[in-house]
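What follows is one structure encoded as structure tokens, with my remarks underneath.
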Amino acid sequence: MRSAVIADIHSNLEAFQAVLRDLEEQGGADEIWCLGDIVGYGPDPRACIQLVRQLQCRCVAGNHDWAAIGKLDTSAFNLEAAAAAQWTAAALQKLDVDFLAGLPLTLQVDDFTLAHGSPRAPIWEYVLSVQSARANFAAFDTRFCLIGHSHSPLLFELDSRNSCREQRLPEQLSLKTDSRFIINCGSVGQPRDGDPRASYAIIDAGQAILWHRRVVYDFRTTQEKILDADLPARLASRLSVGW
């Protein structure tokens, strides 16, 4: 089975559509797994939700999804994120709210656990260090955990000697190993690793391979939409530099 892994779309329709076109060019996928934050920051929350529903993605909730429907207090957000959450809340309709409200915190699909932030704190925790990764390996039972939230393509590997290491996610990763992994495939709609291209992954369970994909998209159109919607200007400017 081939599965596409997407995360942190953040209401960026142009990036989402570009990823789907690339996925089709790569041979498609049997399923799409979405790791949360469909909305927030960007100008097209309803269109992105509709596309996720149309594709019948297996999807978990992210912190911005919860913020947009009032399930999460935005007092811990920075001012731009809070403003975008308020704007998004006003843009959504009941069908969108009901869909986001019904998303689970985690999902298990075969040997993969899906979570937005981390398996032990799915909504909010960032896994950005070996220390936090090691603590989280105890919070799931599968060999693999796929996460989003930090928008940074990273992997953490726990080997058979209980040694944990961190590395940037390579373009191709063999899953034929006894190790366990926590993998972040980066962000579709708001990359934060200095590369403005949309980021996602394809996993072929039969071949036991993960391919990390980067996709050029028309971020200038997204920037124009952000400014036209009177969303904070930095949410537009950051797209051109991948931060």
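Within each chain, counting starts at residue 1; across the structure tokens, chains are named A, B, ... in the order shown, with ligands numbered 1 upward in that order.
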Problem set entry | range 160-170 of chain A environment, 7 Å, only C-alpha atoms, sequence neighbours closer than 3 positions dropped, as a ChimeraX atom specification | /A:130,134,153-157,173,178-179,212
Exercise. If you count only C-alpha atoms, which residues fall within 7 Å of Cys34 in chain A, apart from same-chain ones fewer than 5 positions away, as a list in words?
Worked result: Val5, Ile6, Ala7, Cys57, Arg58, Cys59 and Val60 of chain A
Output file for the residues above (N, CA and C atoms, as a compact mmCIF listing (two decimals), in the first residue's frame):
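Output below, filename result20.txt:
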# COMPACT_ATOMS: atom_id res chain seq x y z
N VAL A 5 1.64 11.36 3.06
CA VAL A 5 1.60 11.96 4.39
C VAL A 5 1.70 13.47 4.23
N ILE A 6 0.65 14.17 4.67
CA ILE A 6 0.63 15.63 4.59
C ILE A 6 0.35 16.19 5.98
N ALA A 7 0.86 17.40 6.22
CA ALA A 7 0.65 18.04 7.52
C ALA A 7 0.71 19.54 7.35
N CYS A 57 -9.35 11.84 3.42
CA CYS A 57 -8.09 11.66 4.16
C CYS A 57 -8.36 11.09 5.54
N ARG A 58 -7.47 10.25 6.01
CA ARG A 58 -7.43 9.91 7.43
C ARG A 58 -6.74 11.08 8.12
N CYS A 59 -7.41 11.71 9.06
CA CYS A 59 -6.94 13.01 9.55
C CYS A 59 -7.06 13.10 11.07
N VAL A 60 -6.06 13.73 11.69
CA VAL A 60 -6.10 14.03 13.12
C VAL A 60 -6.18 15.55 13.31
What are the nearest atom pairs, with distances in Å to one decimal, for all residues of range 43-141 of chain A that come at most 12 Å from range 20-29 of chain A, using only C-alpha atoms, set out by chain and rising residue number as JSON lines?
{"residue": "A:Cys48", "atom": "CA", "partner": "A:Leu20", "partner_atom": "CA", "distance": 12.0}
{"residue": "A:Leu51", "atom": "CA", "partner": "A:Leu20", "partner_atom": "CA", "distance": 10.3}
{"residue": "A:Val52", "atom": "CA", "partner": "A:Leu20", "partner_atom": "CA", "distance": 10.9}
{"residue": "A:Leu55", "atom": "CA", "partner": "A:Leu20", "partner_atom": "CA", "distance": 10.1}
{"residue": "A:Cys57", "atom": "CA", "partner": "A:Ala29", "partner_atom": "CA", "distance": 11.1}
Store the residues of this selection in a file with N, CA and C atoms, as an mmCIF file, in the first residue's frame.
data_model
loop_
_atom_site.group_PDB
_atom_site.id
_atom_site.type_symbol
_atom_site.label_atom_id
_atom_site.label_comp_id
_atom_site.auth_asym_id
_atom_site.auth_seq_id
_atom_site.Cartn_x
_atom_site.Cartn_y
_atom_site.Cartn_z
ATOM 1 N N CYS A 48 -9.700 24.283 1.706
ATOM 2 C CA CYS A 48 -8.783 23.217 2.134
ATOM 3 C C CYS A 48 -9.519 22.131 2.899
ATOM 4 N N LEU A 51 -11.409 20.030 0.405
ATOM 5 C CA LEU A 51 -10.547 19.137 -0.360
ATOM 6 C C LEU A 51 -10.119 17.934 0.483
ATOM 7 N N VAL A 52 -9.803 18.166 1.756
ATOM 8 C CA VAL A 52 -9.478 17.055 2.656
ATOM 9 C C VAL A 52 -10.652 16.080 2.751
ATOM 10 N N LEU A 55 -11.115 14.095 -0.532
ATOM 11 C CA LEU A 55 -10.093 13.064 -0.698
ATOM 12 C C LEU A 55 -10.233 11.931 0.318
ATOM 13 N N CYS A 57 -9.349 11.839 3.420
ATOM 14 C CA CYS A 57 -8.095 11.665 4.155
ATOM 15 C C CYS A 57 -8.365 11.086 5.544
#
Exercise. Looking only at the backbone, which of the residues in range 137-228 of chain A does DSSP tag as strand (DSSP E or B), as a VMD selection string?
Worked result: chain A and resid 144 to 147 154 to 158 164 to 168 172 to 174 180 to 184 198 to 204 209 to 215
For this session: Please run DSSP on the backbone and report, as a ChimeraX atom specification, all residues within range 57-203 of chain A that come out as helix (DSSP H, G or I).
Result: /A:63-68,74-76,79-91,94-101,130-137
For this session: Would you mind telling me which residue in A:Leu79, A:Ala138, A:Leu128, A:Leu146 lies nearest to His116 in chain A when using only C-alpha atoms?
Result: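 Under the stated criterion, the closest residue is A:Leu146.
Comparing A:Gly102, A:Gly186, A:Gly42, A:Gly62 by their smallest distance to Arg238 in chain A, the closest is A:Gly42 (using only C-alpha atoms).
You will find CA of Trp66 in chain A at 11.7 Å from CA of Asp96 in chain A.
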Exercise. For Pro232 in chain A, which residue out of A:Ala61, A:Ile38, A:Ile32, A:Ala83 is the nearest one, using only C-alpha atoms?
Worked result: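 Closest candidate: A:Ala83.
Taking CA of Ile147 in chain A as the reference point, CA of Phe112 in chain A is found at 10.4 Å.
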Exercise. How many Å lie between CA of Gln190 in chain A and CA of Ala205 in chain A, rounded to one decimal?
Worked result: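 Taking CA of Gln190 in chain A as the start and CA of Ala205 in chain A as the end point, the length is 27.4 Å.
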Exercise. Could you pull the residues within 12 Å of Leu227 in chain A, counting only C-alpha atoms, minus those fewer than 3 positions along the same chain, as an MDAnalysis selection string?
Worked result: chainID A and resid 41:43 84 220:224 230:237
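Using only C-alpha atoms for every distance, the candidate list A:Val127, A:Ala121, A:Ala229, A:Leu114 yields A:Leu114 as the residue closest to Trp33 in chain A.
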Applying 10 Å and only C-alpha atoms, which residues near Ser118 in chain A remain after dropping the ones on its own chain fewer than 2 positions away? List them as a PDB file with C-alpha atoms, in the first residue's frame.
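New file around-v6.pdb:
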ATOM      1  CA  LEU A 105      -6.293  13.342  18.507  1.00  0.00           C
ATOM      2  CA  THR A 106      -4.403  10.291  17.247  1.00  0.00           C
ATOM      3  CA  THR A 113       0.712   6.152  14.784  1.00  0.00           C
ATOM      4  CA  LEU A 114      -0.502   9.525  13.491  1.00  0.00           C
ATOM      5  CA  ALA A 115      -0.439  12.636  15.685  1.00  0.00           C
ATOM      6  CA  HIS A 116      -0.125  16.362  15.159  1.00  0.00           C
ATOM      7  CA  ARG A 120       1.954  11.955  24.359  1.00  0.00           C
ATOM      8  CA  ALA A 121       0.562  15.503  23.833  1.00  0.00           C
ATOM      9  CA  PRO A 122      -1.029  15.487  20.373  1.00  0.00           C
ATOM     10  CA  ILE A 123      -2.258  19.061  20.209  1.00  0.00           C
ATOM     11  CA  TRP A 124       0.600  21.112  21.538  1.00  0.00           C
ATOM     12  CA  GLU A 125       3.983  19.439  22.096  1.00  0.00           C
ATOM     13  CA  TYR A 126       6.842  20.132  19.668  1.00  0.00           C
ATOM     14  CA  VAL A 127       9.254  17.237  19.140  1.00  0.00           C
ATOM     15  CA  SER A 132      11.628  14.982  23.818  1.00  0.00           C
ATOM     16  CA  ALA A 133      11.710  12.242  21.186  1.00  0.00           C
ATOM     17  CA  ASN A 136       7.675  10.129  23.294  1.00  0.00           C
ATOM     18  CA  PHE A 137       8.828   6.697  22.113  1.00  0.00           C
ATOM     19  CA  ALA A 139       3.899   6.934  24.361  1.00  0.00           C
ATOM     20  CA  PHE A 140       3.128   4.772  21.307  1.00  0.00           C
ATOM     21  CA  CYS A 145       4.981   7.686  14.583  1.00  0.00           C
ATOM     22  CA  LEU A 146       4.253  10.435  12.051  1.00  0.00           C
ATOM     23  CA  ILE A 147       3.943  13.996  13.379  1.00  0.00           C
ATOM     24  CA  GLY A 148       3.653  17.599  12.198  1.00  0.00           C
ATOM     25  CA  HIS A 149       3.391  20.862  14.140  1.00  0.00           C
ATOM     26  CA  ILE A 182       9.343   9.447  14.889  1.00  0.00           C
TER      27      ILE A 182
END
Problem set entry | Proximity to Arg213 in chain A - best of A:Glu171, A:Lys176, A:Ile183, A:Glu31, only C-alpha atoms |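 For Arg213 in chain A, the nearest of the given residues is A:Glu171.
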Exercise. Using only C-alpha atoms, which of A:Tyr217, A:Trp243, A:Phe16, A:Trp211 sits nearest Leu175 in chain A?
Worked result: A:Trp211
